[in-house]
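Have a look at coords-v9.cif; it's mmCIF, C-alpha atoms and all ligand atoms:
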```
data_work
#
loop_
_atom_site.label_atom_id
_atom_site.label_comp_id
_atom_site.auth_asym_id
_atom_site.auth_seq_id
_atom_site.Cartn_x
_atom_site.Cartn_y
_atom_site.Cartn_z
CA MET A 819 -1.24 -10.54 -7.38
CA ALA A 820 2.28 -10.56 -6.06
CA ILE A 821 4.90 -8.15 -4.86
CA ARG A 822 8.00 -8.41 -7.04
CA PRO A 823 11.53 -7.37 -6.05
CA ILE A 824 12.53 -3.87 -7.22
CA VAL A 825 15.74 -3.58 -9.26
CA THR A 826 18.09 -0.89 -7.89
CA ALA A 827 20.95 1.07 -9.47
CA PRO A 828 23.55 0.42 -10.72
CA ASP A 829 21.90 -2.80 -11.97
CA PRO A 830 22.49 -2.78 -15.78
CA ARG A 831 18.88 -3.83 -16.45
CA LEU A 832 17.85 -0.24 -15.60
CA ARG A 833 19.78 0.87 -18.73
CA GLU A 834 17.81 -1.37 -21.11
CA ILE A 835 15.42 0.14 -23.63
CA SER A 836 12.01 -1.41 -23.05
CA LYS A 837 10.12 -3.05 -25.93
CA PRO A 838 6.67 -1.99 -27.15
CA VAL A 839 3.78 -4.22 -26.10
CA ASP A 840 1.94 -5.79 -29.02
CA ARG A 841 -1.20 -6.92 -27.19
CA VAL A 842 -2.88 -5.96 -23.95
CA ASP A 843 -3.95 -9.41 -22.76
CA ASP A 844 -4.51 -11.16 -19.42
CA GLU A 845 -0.81 -11.93 -19.09
CA LEU A 846 0.05 -8.24 -19.42
CA ARG A 847 -2.75 -7.31 -17.01
CA ALA A 848 -1.27 -9.77 -14.48
CA LEU A 849 2.07 -7.93 -14.80
CA MET A 850 0.31 -4.57 -14.34
CA ASP A 851 -1.52 -5.89 -11.24
CA ASP A 852 1.78 -7.09 -9.75
CA MET A 853 3.43 -3.76 -10.56
CA LEU A 854 0.63 -1.83 -8.84
CA GLU A 855 0.86 -4.01 -5.73
CA THR A 856 4.66 -3.65 -5.71
CA MET A 857 4.35 0.15 -6.06
CA TYR A 858 1.78 0.45 -3.23
CA ASP A 859 3.92 -1.76 -1.00
CA ALA A 860 7.13 0.23 -1.58
CA PRO A 861 5.43 2.79 -1.31
CA GLY A 862 5.81 4.85 -4.48
CA ILE A 863 3.63 6.91 -6.81
CA GLY A 864 4.78 5.35 -10.09
CA LEU A 865 6.59 2.28 -11.40
CA ALA A 866 7.95 1.22 -14.80
CA ALA A 867 8.06 -2.48 -15.72
CA ILE A 868 11.86 -2.50 -15.99
CA GLN A 869 11.97 -1.66 -12.27
CA VAL A 870 10.70 -5.19 -11.66
CA GLY A 871 13.06 -6.49 -14.36
CA VAL A 872 10.59 -6.74 -17.26
CA PRO A 873 11.74 -4.67 -20.30
CA VAL A 874 8.31 -3.74 -21.73
CA ARG A 875 6.74 -0.30 -22.19
CA VAL A 876 4.33 -0.39 -19.26
CA ILE A 877 3.90 2.11 -16.43
CA VAL A 878 1.61 2.13 -13.40
CA MET A 879 0.90 5.19 -11.30
CA ASP A 880 -1.27 6.46 -8.45
CA LEU A 881 -0.98 10.07 -7.34
CA ALA A 882 -3.89 9.99 -4.86
CA GLY A 883 -3.05 11.41 -1.44
CA GLU A 884 -3.09 9.31 1.73
CA ASP A 885 -6.63 10.31 2.68
CA GLU A 886 -8.03 10.03 -0.86
CA GLU A 887 -9.53 7.09 -2.72
CA PRO A 888 -6.86 5.15 -4.64
CA LEU A 889 -6.70 6.16 -8.32
CA PRO A 890 -4.59 3.58 -10.15
CA ARG A 891 -3.50 4.49 -13.68
CA PHE A 892 -2.01 2.18 -16.31
CA PHE A 893 -0.04 3.34 -19.35
CA VAL A 894 0.91 0.89 -22.12
CA ASN A 895 3.17 2.08 -24.98
CA PRO A 896 2.96 5.72 -23.80
CA GLU A 897 4.09 8.54 -26.08
CA ILE A 898 4.62 12.16 -25.07
CA LEU A 899 3.01 14.73 -27.36
CA ASP A 900 3.34 18.53 -27.21
CA PRO A 901 5.68 19.01 -24.24
CA SER A 902 5.32 22.62 -23.07
CA GLU A 903 8.12 25.14 -23.30
CA ASP A 904 7.50 26.25 -19.77
CA MET A 905 9.35 24.09 -17.30
CA SER A 906 8.74 23.15 -13.70
CA ILE A 907 11.02 21.88 -10.98
CA TYR A 908 10.09 19.11 -8.55
CA GLU A 909 12.09 17.23 -5.99
CA GLU A 910 12.20 13.69 -7.38
CA GLY A 911 13.02 10.33 -5.93
CA CYS A 912 13.12 6.85 -7.44
CA LEU A 913 12.46 3.41 -6.00
CA SER A 914 15.48 2.22 -8.00
CA VAL A 915 17.71 4.90 -6.42
CA PRO A 916 16.78 4.47 -2.74
CA ASP A 917 17.13 7.24 -0.15
CA PHE A 918 18.16 10.00 -2.53
CA PHE A 919 16.13 13.03 -3.65
CA ASP A 920 16.97 16.03 -5.79
CA GLU A 921 15.35 18.64 -7.98
CA VAL A 922 14.80 17.97 -11.68
CA GLU A 923 13.52 20.43 -14.28
CA ARG A 924 11.10 19.09 -16.92
CA PRO A 925 8.38 20.47 -19.24
CA ALA A 926 5.51 21.61 -16.99
CA GLN A 927 2.78 20.19 -19.25
CA CYS A 928 2.49 17.45 -21.83
CA ARG A 929 -0.07 15.27 -23.53
CA ILE A 930 0.25 11.49 -23.31
CA LYS A 931 -1.08 9.00 -25.84
CA PHE A 932 -1.24 5.44 -24.50
CA LEU A 933 -3.24 2.23 -24.26
CA ASP A 934 -5.16 1.70 -21.02
CA TYR A 935 -5.74 -1.45 -18.89
CA ASP A 936 -8.25 -2.66 -21.49
CA GLY A 937 -6.00 -1.91 -24.47
CA LYS A 938 -8.08 1.12 -25.48
CA GLU A 939 -6.26 4.17 -26.86
CA GLN A 940 -6.40 7.22 -24.61
CA ILE A 941 -5.09 10.78 -24.66
CA LEU A 942 -4.44 12.57 -21.37
CA ASP A 943 -3.42 16.17 -20.74
CA ALA A 944 -0.96 16.24 -17.87
CA LYS A 945 0.37 19.02 -15.71
CA GLY A 946 1.86 19.35 -12.24
CA MET A 947 2.97 16.17 -10.50
CA LEU A 948 1.26 13.97 -13.12
CA ALA A 949 3.34 15.53 -15.93
CA THR A 950 6.55 15.19 -13.91
CA CYS A 951 5.85 11.62 -12.86
CA ILE A 952 4.91 10.41 -16.36
CA GLN A 953 8.13 11.91 -17.73
CA HIS A 954 10.16 10.26 -14.95
CA GLU A 955 8.54 6.91 -15.83
CA MET A 956 8.96 7.40 -19.60
CA ASP A 957 12.67 7.96 -18.94
CA HIS A 958 12.82 4.47 -17.36
CA LEU A 959 11.50 3.02 -20.66
CA GLU A 960 14.58 4.54 -22.35
CA GLY A 961 17.04 3.35 -19.69
CA VAL A 962 17.31 6.83 -18.16
CA LEU A 963 17.24 7.57 -14.41
CA PHE A 964 16.42 10.91 -12.78
CA ILE A 965 20.01 11.16 -11.53
CA ASP A 966 21.06 11.38 -15.20
CA HIS A 967 19.53 14.88 -15.17
CA LEU A 968 21.89 15.96 -12.36
CA SER A 969 25.57 16.88 -12.48
CA ARG A 970 28.07 14.08 -13.01
CA LEU A 971 29.49 14.74 -9.57
CA LYS A 972 26.13 14.20 -7.86
CA ARG A 973 25.30 11.14 -10.00
CA GLU A 974 28.62 9.45 -9.35
CA ARG A 975 28.43 10.18 -5.64
CA VAL A 976 25.00 8.48 -5.41
CA LEU A 977 26.03 5.49 -7.50
CA LYS A 978 29.16 4.99 -5.43
CA LYS A 979 27.14 5.00 -2.22
CA LEU A 980 24.63 2.48 -3.65
CA LYS A 981 27.45 0.20 -4.80
CA LYS A 982 29.00 0.29 -1.36
CA GLU A 983 25.68 -0.48 0.34
CA GLN A 984 25.10 -3.43 -1.99
CA ARG A 985 28.61 -4.73 -1.32
CA LEU A 986 27.99 -4.56 2.43
CA ALA A 987 24.54 -6.21 2.09
CA ALA A 988 26.01 -9.06 0.01
CA ALA A 989 28.71 -9.68 2.63
CA GLU A 990 26.18 -10.26 5.43
O1 LIG A 1001 7.67 7.18 -5.82
C1 LIG A 1001 8.18 8.00 -6.60
N1 LIG A 1001 8.10 9.32 -6.32
C2 LIG A 1001 8.44 10.31 -7.22
C3 LIG A 1001 8.56 11.60 -6.75
C4 LIG A 1001 8.88 12.62 -7.62
C5 LIG A 1001 9.05 12.38 -8.96
C6 LIG A 1001 8.95 11.09 -9.44
C7 LIG A 1001 8.64 10.06 -8.59
S1 LIG A 1001 8.47 8.46 -9.20
C8 LIG A 1001 8.89 7.52 -7.81
C9 LIG A 1001 8.68 6.04 -8.07
C10 LIG A 1001 9.63 5.60 -9.16
O2 LIG A 1001 10.79 5.37 -9.00
N2 LIG A 1001 9.13 5.50 -10.36
O3 LIG A 1001 9.93 5.17 -11.39
NI NI A 1002 11.90 5.85 -10.90
#
```

Would you put the structure from the file into structure tokens?
Ligand code: GNR
Ligand code: NI
Amino acid sequence: MAIRPIVTAPDPRLREISKPVDRVDDELRALMDDMLETMYDAPGIGLAAIQVGVPVRVIVMDLAGEDEEPLPRFFVNPEILDPSEDMSIYEEGCLSVPDFFDEVERPAQCRIKFLDYDGKEQILDAKGMLATCIQHEMDHLEGVLFIDHLSRLKRERVLKKLKKEQRLAAAE
């Protein structure tokens, strides 16, 4: 396993639409293992493959608390079914948009159809943080960031700050 560098905005790769996976094989499992290690190291609670620069429809996640057993989850080719009409608001952050947090409103519940680590089809009913996080990650597969759900003013302010930081880091 290896920790891979995380792509940060406004890197254009984060705008790519990720491609479906056609086979869950050892090569894909190696990517998922690296993604999980990268996510734990960051630390974060979810990670989409494009965040390590690989444009495939793969997500890893672990919502276990600090004093709980780790509970890694793997989602290959996820699809959202039956999003609820009731919405919930969570303060979100993103490893690709460092040091910025804001509230986003999303369907409170949804059902997710996906392939697991072994390539087996699964259906999961999600609510709470799991529903929010899976929708945040599914957005990444479509080239969408959580800041796209905010006002243009807020989004542009964040992107400008990130650009400036990257310019300063490159000049070191
Ligand atoms: O670590 C993360 N925390 C988080 C908090 C609220 C809503 C979504 C997330 S996902 C984020 C990791 C990440 O950027 N995944 O794409
Ligand atoms: Ni994110």

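Minimum atom-to-atom distance to A:Ser836, evaluated using only C-alpha atoms, belongs to A:Val874 out of A:Phe918, A:Arg929, A:Leu986, A:Val874.
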
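Closest approach to A:Ile821 among A:Cys928, A:Leu899, A:Ile907, A:Ala848: A:Ala848, based on all atoms listed in the file.
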
Selection within 6 Å of ligand LIG 1001 (chain A) by all atoms listed in the file, output as a PyMOL selection string = chain A and resi 862-866+909-914+951+954-955

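Remark: residues at most 12 Å from position (21.0, 1.5, -4.1) in file coordinates are Ile824, Val825, Thr826, Ala827, Pro828, Asp829, Cys912, Leu913, Ser914, Val915, Pro916, Asp917, Phe918, Arg975, Val976, Leu977, Lys978, Lys979, Leu980, Lys981, Lys982, Glu983, Gln984, Arg985, Leu986 and Ala987 of chain A, using only C-alpha atoms.
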
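Comparing the minimum interatomic distances between A:Glu884 and each of A:Met905, A:Asp852, A:Ala867, A:Pro861, counting only C-alpha atoms, we find that A:Pro861 sits nearest.
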
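Here the question is which of A:Ala944, A:Leu832, A:Leu849, A:Ile898 gets nearest to ligand NI 1002 (chain A) using all atoms listed in the file, and that residue is A:Leu832.
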
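With atom CA of A:Gly946 on one side and atom CA of A:Pro925 on the other, the separation reads 9.6 Å.
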
Selection near A:Ile930, 9 Å with all atoms listed in the file, sequence-local residues under 5 positions removed, as a list in words = Pro896, Glu897, Ile898, Leu899, Asp900, Gln940, Ile941, Leu942, Asp943, Ala944, Ala949 and Ile952 of chain A

List the neighbours of A:Glu855 out to 9 Å using only C-alpha atoms; skip same-chain residues closer than 5 positions along the sequence, and give me the result as a PDB file with C-alpha atoms, in the coordinates of the input.
```
ATOM      1  CA  MET A 819      -1.240 -10.540  -7.380  1.00  0.00           C
ATOM      2  CA  ALA A 820       2.280 -10.560  -6.060  1.00  0.00           C
ATOM      3  CA  ILE A 821       4.900  -8.150  -4.860  1.00  0.00           C
ATOM      4  CA  ARG A 822       8.000  -8.410  -7.040  1.00  0.00           C
ATOM      5  CA  MET A 850       0.310  -4.570 -14.340  1.00  0.00           C
ATOM      6  CA  ALA A 860       7.130   0.230  -1.580  1.00  0.00           C
TER       7      ALA A 860
END
```

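From atom CA of A:Gly961 back to atom CA of A:Gly937, the distance works out to 24.1 Å.
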
query = Using only C-alpha atoms, which residue out of A:Met853, A:Ala926, A:Leu933, A:Leu968 lies closest to A:Pro838?
reply = A:Leu933

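Of the listed residues A:Ile835, A:Ile868, A:Leu854, A:Met947, the one whose atoms come nearest to ligand NI 1002 (chain A) is A:Ile868, with distances taken using only C-alpha atoms and all ligand atoms.
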
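The coordinates place atom CA of A:Tyr908 at 13.0 Å from atom CA of A:Gln927.
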
ask   = Is there a way to get, as a PyMOL selection string, all residues within 8 Å of the point (-7.4, -6.4, -22.2) in file coordinates, counting all atoms listed in the file?
value = chain A and resi 841-844+847+935-937

Can you put N, CA and C atoms back into stretch 921-936 of chain A and show it as a compact mmCIF listing (two decimals), in the frame of the given file?
```
# COMPACT_ATOMS: atom_id res chain seq x y z
N GLU A 921 16.23 17.91 -7.08
CA GLU A 921 15.35 18.64 -7.98
C GLU A 921 15.69 18.38 -9.43
N VAL A 922 14.64 18.17 -10.24
CA VAL A 922 14.80 17.97 -11.68
C VAL A 922 13.85 18.92 -12.40
N GLU A 923 14.34 19.52 -13.48
CA GLU A 923 13.52 20.43 -14.28
C GLU A 923 13.01 19.68 -15.52
N ARG A 924 11.71 19.76 -15.75
CA ARG A 924 11.10 19.09 -16.92
C ARG A 924 9.99 19.98 -17.46
N PRO A 925 9.54 19.73 -18.72
CA PRO A 925 8.38 20.47 -19.24
C PRO A 925 7.21 20.39 -18.25
N ALA A 926 6.57 21.53 -18.01
CA ALA A 926 5.51 21.61 -16.99
C ALA A 926 4.24 20.87 -17.42
N GLN A 927 3.99 20.84 -18.75
CA GLN A 927 2.78 20.19 -19.25
C GLN A 927 3.14 19.30 -20.43
N CYS A 928 2.35 18.26 -20.61
CA CYS A 928 2.49 17.45 -21.83
C CYS A 928 1.20 16.68 -22.03
N ARG A 929 1.08 16.10 -23.19
CA ARG A 929 -0.07 15.27 -23.53
C ARG A 929 0.49 13.86 -23.71
N ILE A 930 -0.23 12.87 -23.23
CA ILE A 930 0.25 11.49 -23.31
C ILE A 930 -0.76 10.65 -24.08
N LYS A 931 -0.25 9.94 -25.08
CA LYS A 931 -1.08 9.00 -25.84
C LYS A 931 -0.66 7.61 -25.38
N PHE A 932 -1.59 6.76 -25.06
CA PHE A 932 -1.24 5.44 -24.50
C PHE A 932 -2.41 4.48 -24.65
N LEU A 933 -2.17 3.21 -24.36
CA LEU A 933 -3.24 2.23 -24.26
C LEU A 933 -3.52 2.02 -22.77
N ASP A 934 -4.81 1.88 -22.42
CA ASP A 934 -5.16 1.70 -21.02
C ASP A 934 -5.20 0.21 -20.64
N TYR A 935 -5.68 -0.07 -19.44
CA TYR A 935 -5.74 -1.45 -18.89
C TYR A 935 -6.51 -2.40 -19.81
N ASP A 936 -7.46 -1.84 -20.57
CA ASP A 936 -8.25 -2.66 -21.49
C ASP A 936 -7.73 -2.64 -22.92
```
